[in-house]
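Novice: One file is attached below, work06.cif, containing mmCIF, C-alpha atoms and all ligand atoms.
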data_structure
loop_
_atom_site.label_atom_id
_atom_site.label_comp_id
_atom_site.auth_asym_id
_atom_site.auth_seq_id
_atom_site.Cartn_x
_atom_site.Cartn_y
_atom_site.Cartn_z
CA MET A 23 124.28 156.09 0.68
CA LYS A 24 121.20 157.78 -0.72
CA VAL A 25 120.10 161.10 -2.17
CA TYR A 26 117.21 163.45 -1.42
CA ARG A 27 116.79 165.62 -4.48
CA HIS A 28 114.56 168.48 -5.61
CA LEU A 29 113.75 169.55 -2.05
CA SER A 30 111.69 172.72 -2.46
CA GLN A 31 113.78 174.21 0.32
CA LEU A 32 116.83 172.76 2.00
CA VAL A 33 117.31 174.79 5.18
CA THR A 34 120.93 174.15 6.14
CA LEU A 35 121.47 176.71 8.98
CA GLN A 36 125.09 176.80 7.75
CA SER A 37 125.52 180.48 8.55
CA ALA A 38 123.74 180.16 11.93
CA HIS A 39 126.15 177.34 12.77
CA THR A 40 129.15 179.47 11.80
CA LYS A 41 127.81 182.19 14.12
CA ASP A 42 127.44 179.69 16.98
CA GLY A 43 123.66 180.26 17.04
CA ARG A 44 123.93 183.90 18.19
CA TYR A 45 122.92 187.28 16.74
CA LEU A 46 121.01 185.60 13.93
CA VAL A 47 119.41 187.38 10.98
CA PRO A 48 116.95 185.74 8.56
CA GLN A 49 119.70 185.05 5.98
CA ASP A 50 121.42 182.77 8.52
CA LEU A 51 118.86 180.09 7.62
CA SER A 52 121.09 179.49 4.56
CA VAL A 53 118.29 178.13 2.38
CA ILE A 54 119.08 176.21 -0.81
CA GLU A 55 116.16 176.20 -3.27
CA ASP A 56 115.71 172.93 -5.19
CA GLY A 57 118.28 171.38 -2.90
CA ALA A 58 119.86 167.96 -2.68
CA VAL A 59 121.65 166.10 0.07
CA VAL A 60 123.72 162.91 -0.13
CA PHE A 61 124.05 160.93 3.07
CA ASP A 62 124.42 157.52 4.70
CA ASP A 63 123.18 156.28 8.07
CA ASP A 64 125.82 158.31 9.91
CA ILE A 65 126.98 161.37 8.04
CA ILE A 66 126.23 163.82 5.26
CA HIS A 67 128.47 163.51 2.18
CA TRP A 68 127.30 166.35 -0.03
CA VAL A 69 124.87 169.32 0.10
CA GLY A 70 123.92 171.71 -2.72
CA GLU A 71 121.52 172.51 -5.54
CA THR A 72 120.10 169.44 -7.27
CA SER A 73 121.42 170.70 -10.60
CA ASN A 74 124.98 170.60 -9.19
CA LEU A 75 124.80 167.01 -7.89
CA PRO A 76 128.20 165.50 -8.78
CA GLN A 77 128.30 162.72 -11.38
CA GLY A 78 129.60 160.22 -8.80
CA PHE A 79 126.35 160.45 -6.77
CA GLN A 80 123.96 160.31 -9.74
CA GLY A 81 123.47 156.55 -9.63
CA LEU A 82 122.61 156.33 -5.92
CA PRO A 83 119.08 155.44 -4.73
CA SER A 84 117.22 158.73 -4.58
CA GLU A 85 113.92 160.32 -3.53
CA ASN A 86 112.33 163.18 -5.41
CA LEU A 87 111.10 165.51 -2.65
CA ARG A 88 109.59 168.38 -4.58
CA GLY A 89 107.04 170.04 -2.27
CA HIS A 90 109.05 169.21 0.83
CA VAL A 91 111.33 171.12 3.19
CA LEU A 92 114.29 169.54 4.98
CA VAL A 93 115.68 171.14 8.17
CA PRO A 94 118.31 170.07 10.70
CA GLU A 95 116.79 167.62 13.18
CA ILE A 96 114.17 169.17 15.45
CA ILE A 97 114.93 168.54 19.12
CA ASP A 98 112.67 168.89 22.14
CA SER A 99 115.29 169.53 24.82
CA HIS A 100 113.05 169.76 27.92
CA THR A 101 110.23 167.33 28.75
CA HIS A 102 108.89 165.51 31.79
CA ALA A 103 107.28 162.69 29.83
CA VAL A 104 107.24 159.89 32.43
CA PHE A 105 104.41 160.28 34.93
CA GLY A 106 101.17 158.80 36.16
CA GLY A 107 97.75 160.50 36.28
CA ASP A 108 96.98 164.02 35.11
CA ARG A 109 96.32 167.40 36.70
CA ALA A 110 93.20 168.50 34.81
CA SER A 111 91.29 169.17 38.04
CA GLU A 112 94.10 171.39 39.28
CA TYR A 113 93.98 173.26 35.97
CA ALA A 114 90.25 173.82 36.44
CA ASP A 115 90.84 175.00 40.02
CA ARG A 116 93.41 177.48 38.74
CA LEU A 117 91.01 178.85 36.12
CA ASN A 118 88.42 179.18 38.87
CA GLY A 119 90.68 181.40 40.93
CA LEU A 120 92.71 179.16 43.25
CA SER A 121 96.34 180.18 43.79
CA TYR A 122 99.31 177.83 43.49
CA GLU A 123 99.58 177.85 47.29
CA ASP A 124 95.89 176.93 47.69
CA ILE A 125 96.36 174.07 45.22
CA ALA A 126 99.49 172.85 47.04
CA LYS A 127 97.58 172.94 50.36
CA ARG A 128 94.88 170.75 48.79
CA GLY A 129 97.57 168.21 47.86
CA GLY A 130 98.14 169.35 44.26
CA GLY A 131 101.34 170.07 42.36
CA ILE A 132 104.40 167.88 41.79
CA LEU A 133 103.71 165.82 44.93
CA PHE A 134 100.26 164.89 43.56
CA THR A 135 101.88 163.56 40.37
CA MET A 136 104.39 161.77 42.59
CA SER A 137 101.58 159.86 44.32
CA GLU A 138 99.87 159.08 40.96
CA THR A 139 103.21 157.86 39.56
CA HIS A 140 103.76 155.59 42.57
CA LYS A 141 100.40 153.90 41.84
CA LEU A 142 101.74 152.55 38.52
CA SER A 143 104.15 149.70 37.83
CA LYS A 144 107.34 150.03 35.82
CA SER A 145 105.75 148.46 32.73
CA GLU A 146 102.65 150.66 32.97
CA LEU A 147 104.78 153.81 33.20
CA PHE A 148 106.96 152.62 30.30
CA GLU A 149 103.91 152.06 28.12
CA LEU A 150 102.38 155.47 28.91
CA ALA A 151 105.67 157.23 28.17
CA ARG A 152 106.25 155.21 24.98
CA LYS A 153 102.90 156.37 23.57
CA ARG A 154 103.61 159.98 24.55
CA LEU A 155 107.01 159.89 22.90
CA GLU A 156 105.60 158.38 19.69
CA LYS A 157 103.26 161.36 19.55
CA ILE A 158 106.14 163.78 20.11
CA PHE A 159 108.15 162.14 17.30
CA SER A 160 105.13 162.33 14.98
CA TYR A 161 105.54 166.13 14.80
CA GLY A 162 108.99 165.84 13.24
CA VAL A 163 111.05 165.80 16.44
CA GLY A 164 114.03 163.41 16.19
CA THR A 165 115.56 163.71 19.66
CA VAL A 166 113.72 164.23 22.96
CA GLU A 167 115.15 164.95 26.36
CA VAL A 168 113.16 163.18 29.09
CA LYS A 169 113.57 163.94 32.78
CA SER A 170 112.82 161.74 35.76
CA GLY A 171 111.48 163.58 38.81
CA TYR A 172 108.05 162.23 39.77
CA GLY A 173 109.41 159.28 41.76
CA LEU A 174 111.12 161.26 44.54
CA THR A 175 112.17 158.15 46.49
CA TYR A 176 115.37 156.21 45.94
CA GLU A 177 113.60 153.21 44.41
CA LYS A 178 111.04 155.04 42.29
CA GLU A 179 113.52 157.59 40.92
CA LYS A 180 115.81 154.71 40.02
CA GLU A 181 112.90 153.02 38.26
CA LEU A 182 112.04 156.16 36.29
CA SER A 183 115.64 156.64 35.12
CA GLU A 184 115.70 152.97 34.08
CA ILE A 185 112.42 153.42 32.18
CA ILE A 186 113.90 156.36 30.26
CA TYR A 187 116.98 154.25 29.51
CA GLU A 188 114.76 151.42 28.23
CA LEU A 189 112.84 153.91 26.08
CA LYS A 190 116.17 155.05 24.66
CA ILE A 191 116.96 151.48 23.59
CA HIS A 192 113.41 150.95 22.31
CA PHE A 193 113.50 153.99 19.97
CA SER A 194 117.16 153.76 18.91
CA PRO A 195 118.60 154.54 16.41
CA LYS A 196 115.94 156.40 14.43
CA PHE A 197 114.69 158.40 17.40
CA ARG A 198 116.93 159.41 20.23
CA ILE A 199 116.20 159.88 23.92
CA PHE A 200 118.40 161.95 26.23
CA ASN A 201 118.05 160.78 29.84
CA THR A 202 118.14 163.57 32.44
CA TYR A 203 118.13 162.77 36.14
CA LEU A 204 115.83 165.17 38.02
CA ALA A 205 115.37 163.53 41.42
CA ALA A 206 115.89 167.09 42.76
CA HIS A 207 112.45 168.16 41.46
CA ASP A 208 110.66 168.59 44.79
CA ILE A 209 111.15 167.55 48.42
CA PRO A 210 109.00 164.64 49.62
CA LYS A 211 107.12 165.34 52.86
CA ASN A 212 109.02 162.76 54.94
CA PHE A 213 112.31 164.68 54.66
CA LYS A 214 113.25 167.44 57.09
CA ASN A 215 114.56 169.72 54.36
CA SER A 216 116.09 169.83 50.87
CA LYS A 217 119.58 169.15 52.21
CA ALA A 218 118.49 165.91 53.89
CA TYR A 219 116.72 164.69 50.73
CA LEU A 220 119.69 165.67 48.59
CA GLU A 221 122.16 163.81 50.77
CA GLN A 222 120.06 160.71 51.40
CA VAL A 223 118.53 160.19 47.96
CA VAL A 224 119.62 162.52 45.16
CA LEU A 225 123.41 162.31 45.49
CA PRO A 226 123.83 158.57 46.20
CA LEU A 227 121.37 157.58 43.46
CA MET A 228 123.06 159.89 40.96
CA LYS A 229 126.35 158.11 41.66
CA GLU A 230 124.77 154.68 41.18
CA LEU A 231 123.00 155.63 37.92
CA SER A 232 126.08 157.36 36.60
CA GLU A 233 128.30 154.33 37.26
CA LYS A 234 125.75 152.15 35.43
CA LYS A 235 125.84 154.68 32.55
CA ILE A 236 122.05 155.01 32.61
CA ILE A 237 121.77 158.81 32.76
CA ASP A 238 123.12 161.50 30.43
CA ALA A 239 122.80 164.63 32.58
CA VAL A 240 121.53 165.94 35.90
CA ASP A 241 118.98 168.69 36.57
CA ILE A 242 117.60 170.50 39.64
CA PHE A 243 114.59 172.68 40.48
CA HIS A 244 116.29 175.76 41.91
CA GLU A 245 113.56 177.82 43.60
CA LYS A 246 112.46 179.26 46.90
CA ASN A 247 110.93 176.48 49.05
CA TYR A 248 112.49 173.87 46.74
CA PHE A 249 116.29 173.65 46.26
CA SER A 250 118.66 176.41 47.36
CA SER A 251 121.78 177.78 45.68
CA ASP A 252 123.84 175.71 48.13
CA ASP A 253 121.96 172.58 47.08
CA VAL A 254 122.62 173.38 43.41
CA ARG A 255 126.33 173.88 44.03
CA LYS A 256 126.54 170.64 45.99
CA LEU A 257 124.76 168.67 43.26
CA PHE A 258 126.73 170.24 40.40
CA THR A 259 130.07 169.69 42.17
CA ALA A 260 129.21 166.01 42.65
CA ALA A 261 128.00 165.74 39.04
CA LYS A 262 131.23 167.27 37.75
CA SER A 263 133.27 164.67 39.63
CA LEU A 264 131.23 162.01 37.77
CA ASN A 265 131.64 163.82 34.42
CA LEU A 266 127.89 164.33 34.21
CA PRO A 267 126.69 167.46 32.41
CA CYS A 268 124.37 169.77 34.39
CA LYS A 269 121.08 171.50 33.61
CA ILE A 270 118.96 173.72 35.85
CA HIS A 271 115.37 174.94 36.23
CA ALA A 272 116.36 178.55 36.86
CA ASP A 273 114.83 181.92 37.69
CA GLU A 274 111.27 180.84 36.90
CA LEU A 275 109.28 182.16 39.84
CA ASN A 276 111.95 184.49 41.29
CA ASP A 277 115.38 185.74 40.27
CA ASN A 278 117.58 183.37 42.28
CA GLN A 279 120.74 183.95 40.22
CA GLY A 280 120.17 180.52 38.75
CA ALA A 281 121.54 181.62 35.37
CA GLU A 282 124.72 182.85 37.05
CA ILE A 283 125.25 179.54 38.87
CA ALA A 284 124.63 177.65 35.62
CA CYS A 285 127.39 179.69 33.94
CA GLU A 286 129.73 179.22 36.90
CA PHE A 287 129.50 175.44 36.45
CA GLY A 288 129.45 175.45 32.64
CA ALA A 289 125.96 173.91 32.63
CA LEU A 290 124.55 172.79 29.29
CA SER A 291 121.48 174.95 29.81
CA ALA A 292 119.52 177.15 32.17
CA ASP A 293 115.80 176.66 31.59
CA HIS A 294 112.67 178.87 32.05
CA LEU A 295 114.34 182.20 33.01
CA LEU A 296 111.10 184.22 33.28
CA LYS A 297 112.66 186.33 36.04
CA ILE A 298 116.29 186.41 34.85
CA SER A 299 118.23 189.57 35.80
CA LYS A 300 120.36 191.75 33.51
CA PRO A 301 123.60 190.41 35.08
CA GLY A 302 122.26 186.90 34.46
CA ILE A 303 121.72 187.73 30.79
CA SER A 304 125.25 189.19 30.44
CA LYS A 305 126.76 186.08 32.02
CA LEU A 306 124.87 183.75 29.67
CA ALA A 307 125.98 185.83 26.69
CA LYS A 308 129.62 185.22 27.58
CA THR A 309 129.33 181.44 27.99
CA ASN A 310 128.15 178.38 26.08
CA THR A 311 125.29 177.73 28.51
CA VAL A 312 122.09 177.75 26.45
CA ALA A 313 119.02 179.68 27.63
CA THR A 314 116.17 177.22 27.08
CA LEU A 315 112.87 179.07 27.01
CA LEU A 316 109.63 177.23 27.69
CA PRO A 317 106.94 179.70 26.61
CA GLY A 318 104.20 177.05 26.67
CA THR A 319 104.36 177.06 30.45
CA ALA A 320 104.02 180.83 30.76
CA PHE A 321 101.15 180.83 28.21
CA PHE A 322 99.34 178.08 30.05
CA LEU A 323 99.74 179.71 33.45
CA GLY A 324 98.91 183.17 32.10
CA LYS A 325 102.30 184.60 33.12
CA PRO A 326 104.53 187.15 31.36
CA LEU A 327 107.04 185.54 29.00
CA ALA A 328 110.83 185.39 29.40
CA PRO A 329 112.73 188.43 28.04
CA ALA A 330 113.73 186.58 24.88
CA ARG A 331 114.50 189.65 22.77
CA GLU A 332 116.83 191.06 25.40
CA MET A 333 118.68 187.75 25.60
CA LEU A 334 118.97 187.39 21.83
CA ASP A 335 120.14 190.98 21.38
CA SER A 336 122.79 190.39 24.07
CA GLY A 337 124.21 187.37 22.23
CA VAL A 338 122.72 184.60 24.38
CA LYS A 339 122.31 181.22 22.70
CA VAL A 340 118.54 180.62 22.93
CA ALA A 341 116.63 177.34 22.55
CA LEU A 342 112.90 176.63 22.73
CA ALA A 343 111.41 173.47 24.21
CA SER A 344 107.93 172.19 25.10
CA ASP A 345 108.31 171.54 28.87
CA PHE A 346 105.72 168.81 28.32
CA ASN A 347 104.52 167.89 31.83
CA PRO A 348 101.22 167.04 33.54
CA GLY A 349 100.92 170.22 35.60
CA SER A 350 102.00 173.50 34.08
CA CYS A 351 102.27 172.63 30.37
CA HIS A 352 100.45 169.61 29.02
CA VAL A 353 101.45 170.05 25.39
CA ASP A 354 103.50 167.58 23.35
CA ASN A 355 103.80 169.54 20.10
CA LEU A 356 107.03 171.54 19.85
CA ILE A 357 106.21 172.85 16.36
CA LEU A 358 102.98 174.33 17.74
CA ILE A 359 105.01 175.98 20.52
CA ALA A 360 107.33 177.36 17.84
CA SER A 361 104.37 178.73 15.84
CA ILE A 362 102.92 180.54 18.83
CA SER A 363 106.26 181.73 20.21
CA ALA A 364 107.68 183.29 17.07
CA ALA A 365 105.52 186.39 17.23
CA ALA A 366 105.07 186.44 21.02
CA LEU A 367 108.83 186.35 21.66
CA LYS A 368 109.59 188.42 18.53
CA LEU A 369 111.91 185.87 16.93
CA ASN A 370 113.00 186.07 13.32
CA GLN A 371 112.87 182.83 11.34
CA ALA A 372 116.55 181.99 11.79
CA GLU A 373 116.28 182.50 15.56
CA LEU A 374 113.13 180.39 15.62
CA TRP A 375 114.51 177.39 13.69
CA ALA A 376 117.93 177.52 15.37
CA ALA A 377 116.10 177.51 18.73
CA ILE A 378 114.52 174.11 18.01
CA SER A 379 117.46 172.51 16.19
CA LEU A 380 121.00 173.96 16.38
CA ASN A 381 120.73 175.55 19.83
CA ALA A 382 118.55 172.76 21.19
CA ALA A 383 121.33 170.33 20.22
CA ALA A 384 123.78 172.50 22.17
CA ALA A 385 121.41 172.41 25.16
CA LEU A 386 121.91 168.62 25.19
CA GLY A 387 125.63 168.75 24.42
CA LEU A 388 125.05 167.03 21.06
CA LYS A 389 127.92 167.73 18.73
CA ASN A 390 128.08 167.41 14.97
CA GLN A 391 124.45 168.28 14.27
CA GLY A 392 122.08 171.23 14.02
CA VAL A 393 123.41 172.07 10.57
CA ILE A 394 123.06 170.30 7.23
CA ALA A 395 126.64 170.27 5.96
CA LYS A 396 129.20 167.80 4.69
CA GLY A 397 130.71 165.71 7.49
CA MET A 398 127.92 166.44 9.98
CA ALA A 399 125.55 163.77 11.35
CA SER A 400 122.74 162.83 9.00
CA ARG A 401 120.00 163.86 11.41
CA PHE A 402 117.22 165.98 9.91
CA SER A 403 113.46 166.52 9.89
CA LEU A 404 111.25 166.53 6.81
CA PHE A 405 108.01 168.46 6.25
CA LYS A 406 105.50 168.38 3.41
CA ALA A 407 105.42 172.10 2.70
CA PRO A 408 106.41 174.29 -0.23
CA SER A 409 108.48 176.57 2.03
CA LEU A 410 109.76 176.80 5.58
CA ALA A 411 107.27 179.52 6.46
CA HIS A 412 104.35 177.18 5.69
CA ILE A 413 105.32 174.91 8.59
CA THR A 414 104.71 177.37 11.42
CA TYR A 415 102.18 179.45 9.44
CA ASN A 416 99.84 176.44 9.55
CA TRP A 417 99.87 176.43 13.33
CA GLY A 418 98.51 173.36 14.99
CA LYS A 419 98.65 171.40 11.71
CA ASN A 420 101.12 168.54 11.55
CA LEU A 421 103.08 168.70 8.27
CA SER A 422 105.85 166.35 9.37
CA VAL A 423 106.72 163.45 7.08
CA SER A 424 108.44 160.35 8.39
CA LEU A 425 111.96 160.23 6.94
CA ILE A 426 112.10 157.94 3.96
ZN ZN A 501 110.75 171.42 33.58
#
Would you write out, as structure tokens, the structure that this file holds?
Ligand SMILES: [Zn+2]
Specialist:
Amino acid sequence: MKVYRHLSQLVTLQSAHTKDGRYLVPQDLSVIEDGAVVFDDDIIHWVGETSNLPQGFQGLPSENLRGHVLVPEIIDSHTHAVFGGDRASEYADRLNGLSYEDIAKRGGGILFTMSETHKLSKSELFELARKRLEKIFSYGVGTVEVKSGYGLTYEKEKELSEIIYELKIHFSPKFRIFNTYLAAHDIPKNFKNSKAYLEQVVLPLMKELSEKKIIDAVDIFHEKNYFSSDDVRKLFTAAKSLNLPCKIHADELNDNQGAEIACEFGALSADHLLKISKPGISKLAKTNTVATLLPGTAFFLGKPLAPAREMLDSGVKVALASDFNPGSCHVDNLILIASISAAALKLNQAELWAAISLNAAAALGLKNQGVIAKGMASRFSLFKAPSLAHITYNWGKNLSVSLI
């Protein structure tokens, strides 16, 4: 056991946790000034003001962390961090006026990254992803969700899921990887349609990877010209029979009732939601499915943002993630995304910090964390800052401190 004492601010999110991450007001941060926390490798034993530290804990090894802020572990719950090549030329084309369709016709988009990914070996892809993840962790993130999805053949998708599994072992236990299977990301050209690809590759491989206990969840790109509502239902039904949690890229380019389908299947999260409908918002508000917003993507593509305020005011559980990927959002810094999003999405501080810790944990089905309280997992993030506000106020500056 050890003690962190004299934390300038200990942000527990106790009240936000009690309120299940919904309808949050600034006080729900539940900040303890000059705070202390007693913990071991697994759980938290005591939380309070340093001056109230019980006698029995006084002799434990301790760190004086005056000038630091401790928050529940920051989680990036949506990334596509395993890929080959980049899409900088496509980005330039977009700035110079080409449409998404023009770019796709010229061989750009997900299928371009697929071909760049196929050029690299398993060890090369592992090494690239390992370096990217180290960067992500350097900002204070403790758990990262990583999706497959640039292999798009049976063998390459299998390889990507195995790479993510090997990264999980490599970074464990300090940093945690959540392995999401997204073979249903796009439809390779040699398949007649989405149904054929789903049946020949996505479903059988999901079964194999699930039986080997390599993957933690399944995801699908639900969009016109990609995967239909029928495809989503087929995939989610099969996933349920394997006890695999579901996630969905939903209502990004069009309202496809993706949020509604996510709720119908009790999905962990529905992600993007730029075009979500009012009925979609009401459904999310009544369920535990988290709305994961990815504002970096909308910023980078110059699109209007998701209706975050409407969701929050309706009682939806909202998370924020980076969507780190080579095409639409090549940013690895979730704290920077939080800094920019707070004002743009009109989030108060409790909504903002819950969105990257408590609610992000829910978006990955992680129990027992997202709050600094006795009996909860000892997973937190530490920043060298006199107050919580300093962390996102200094946007683009990395104030994270490696946990001691
Ligand atoms: Zn995505």
Novice: For ligand ZN 501 (chain A), return the neighbouring residues as a ChimeraX atom specification (distance at most 7 Å; all atoms listed in the file).
Specialist: /A:100-102,271,345
Novice: When you look at Ile54 (chain A) with a cut-off of 6 Å (counting all atoms listed in the file), what residues show up, excluding the ones that are within fewer than 2 positions of it in the same chain? I need them as JSON, numbers by chain.
Specialist: {"A": [31, 32, 57]}
Novice: When you count all atoms listed in the file, which of these residues is closest to Gly173 (chain A): A:Thr135, A:Thr311, A:Ser216, A:Ser232?
Specialist: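 Looking only at the distances to Gly173 (chain A), the closest residue turns out to be A:Thr135.
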Novice: Using CA of Asp238 (chain A) and CA of Asn201 (chain A) as the two end points, give the distance in Å to one decimal.
Specialist: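 Answer for the CA of Asp238 (chain A) to CA of Asn201 (chain A) separation: 5.2 Å.
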Novice: Could you give me, as a PyMOL selection string, the residues within 8 Å of region 383-394 of chain A, counting only C-alpha atoms and dropping anything in the same chain fewer than 3 positions from it?
Specialist: chain A and resi 33-36+39+66+69+93-95+97+99+167+200+290-291+311-312+314+341+376+379-380+398-402
Novice: Those residues you just picked out, can you put them in a file as a PDB file, in the coordinates of the input with C-alpha atoms?
Specialist:
ATOM      1  CA  VAL A  33     117.310 174.790   5.180  1.00  0.00           C
ATOM      2  CA  THR A  34     120.930 174.150   6.140  1.00  0.00           C
ATOM      3  CA  LEU A  35     121.470 176.710   8.980  1.00  0.00           C
ATOM      4  CA  GLN A  36     125.090 176.800   7.750  1.00  0.00           C
ATOM      5  CA  HIS A  39     126.150 177.340  12.770  1.00  0.00           C
ATOM      6  CA  ILE A  66     126.230 163.820   5.260  1.00  0.00           C
ATOM      7  CA  VAL A  69     124.870 169.320   0.100  1.00  0.00           C
ATOM      8  CA  VAL A  93     115.680 171.140   8.170  1.00  0.00           C
ATOM      9  CA  PRO A  94     118.310 170.070  10.700  1.00  0.00           C
ATOM     10  CA  GLU A  95     116.790 167.620  13.180  1.00  0.00           C
ATOM     11  CA  ILE A  97     114.930 168.540  19.120  1.00  0.00           C
ATOM     12  CA  SER A  99     115.290 169.530  24.820  1.00  0.00           C
ATOM     13  CA  GLU A 167     115.150 164.950  26.360  1.00  0.00           C
ATOM     14  CA  PHE A 200     118.400 161.950  26.230  1.00  0.00           C
ATOM     15  CA  LEU A 290     124.550 172.790  29.290  1.00  0.00           C
ATOM     16  CA  SER A 291     121.480 174.950  29.810  1.00  0.00           C
ATOM     17  CA  THR A 311     125.290 177.730  28.510  1.00  0.00           C
ATOM     18  CA  VAL A 312     122.090 177.750  26.450  1.00  0.00           C
ATOM     19  CA  THR A 314     116.170 177.220  27.080  1.00  0.00           C
ATOM     20  CA  ALA A 341     116.630 177.340  22.550  1.00  0.00           C
ATOM     21  CA  ALA A 376     117.930 177.520  15.370  1.00  0.00           C
ATOM     22  CA  SER A 379     117.460 172.510  16.190  1.00  0.00           C
ATOM     23  CA  LEU A 380     121.000 173.960  16.380  1.00  0.00           C
ATOM     24  CA  MET A 398     127.920 166.440   9.980  1.00  0.00           C
ATOM     25  CA  ALA A 399     125.550 163.770  11.350  1.00  0.00           C
ATOM     26  CA  SER A 400     122.740 162.830   9.000  1.00  0.00           C
ATOM     27  CA  ARG A 401     120.000 163.860  11.410  1.00  0.00           C
ATOM     28  CA  PHE A 402     117.220 165.980   9.910  1.00  0.00           C
TER      29      PHE A 402
END
Novice: Can you pull out every residue within 7 Å of Trp68 (chain A), counting all atoms listed in the file, but drop anything in the same chain fewer than 3 positions away, and send it as a list of chain:residue names?
Specialist: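 Answer for this query is A:Val59, A:Val60, A:Lys396.
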Novice: Please report the interatomic distance between CA of Val353 (chain A) and CA of Thr319 (chain A) in Å with one decimal.
Specialist: 9.1 Å
Novice: Looking at A:Val104, A:Leu133, A:Val423, A:Ala366, which one is nearest to Leu147 (chain A), with distances taken over all atoms listed in the file?
Specialist: A:Val104
Novice: Select, from A:Lys190, A:Lys229, A:Lys217, A:Lys419, the residue with the minimum atom-to-atom distance to Asn265 (chain A), counting all atoms listed in the file.
Specialist: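 Going through A:Lys190, A:Lys229, A:Lys217, A:Lys419 one by one, the smallest distance to Asn265 (chain A) is for A:Lys229.
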Novice: With distances taken over only C-alpha atoms, which of A:Glu149, A:Asp277, A:Asp56, A:Glu181 is nearest to Tyr26 (chain A)?
Specialist: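 Checking each candidate against Tyr26 (chain A), we get A:Asp56 as the closest.
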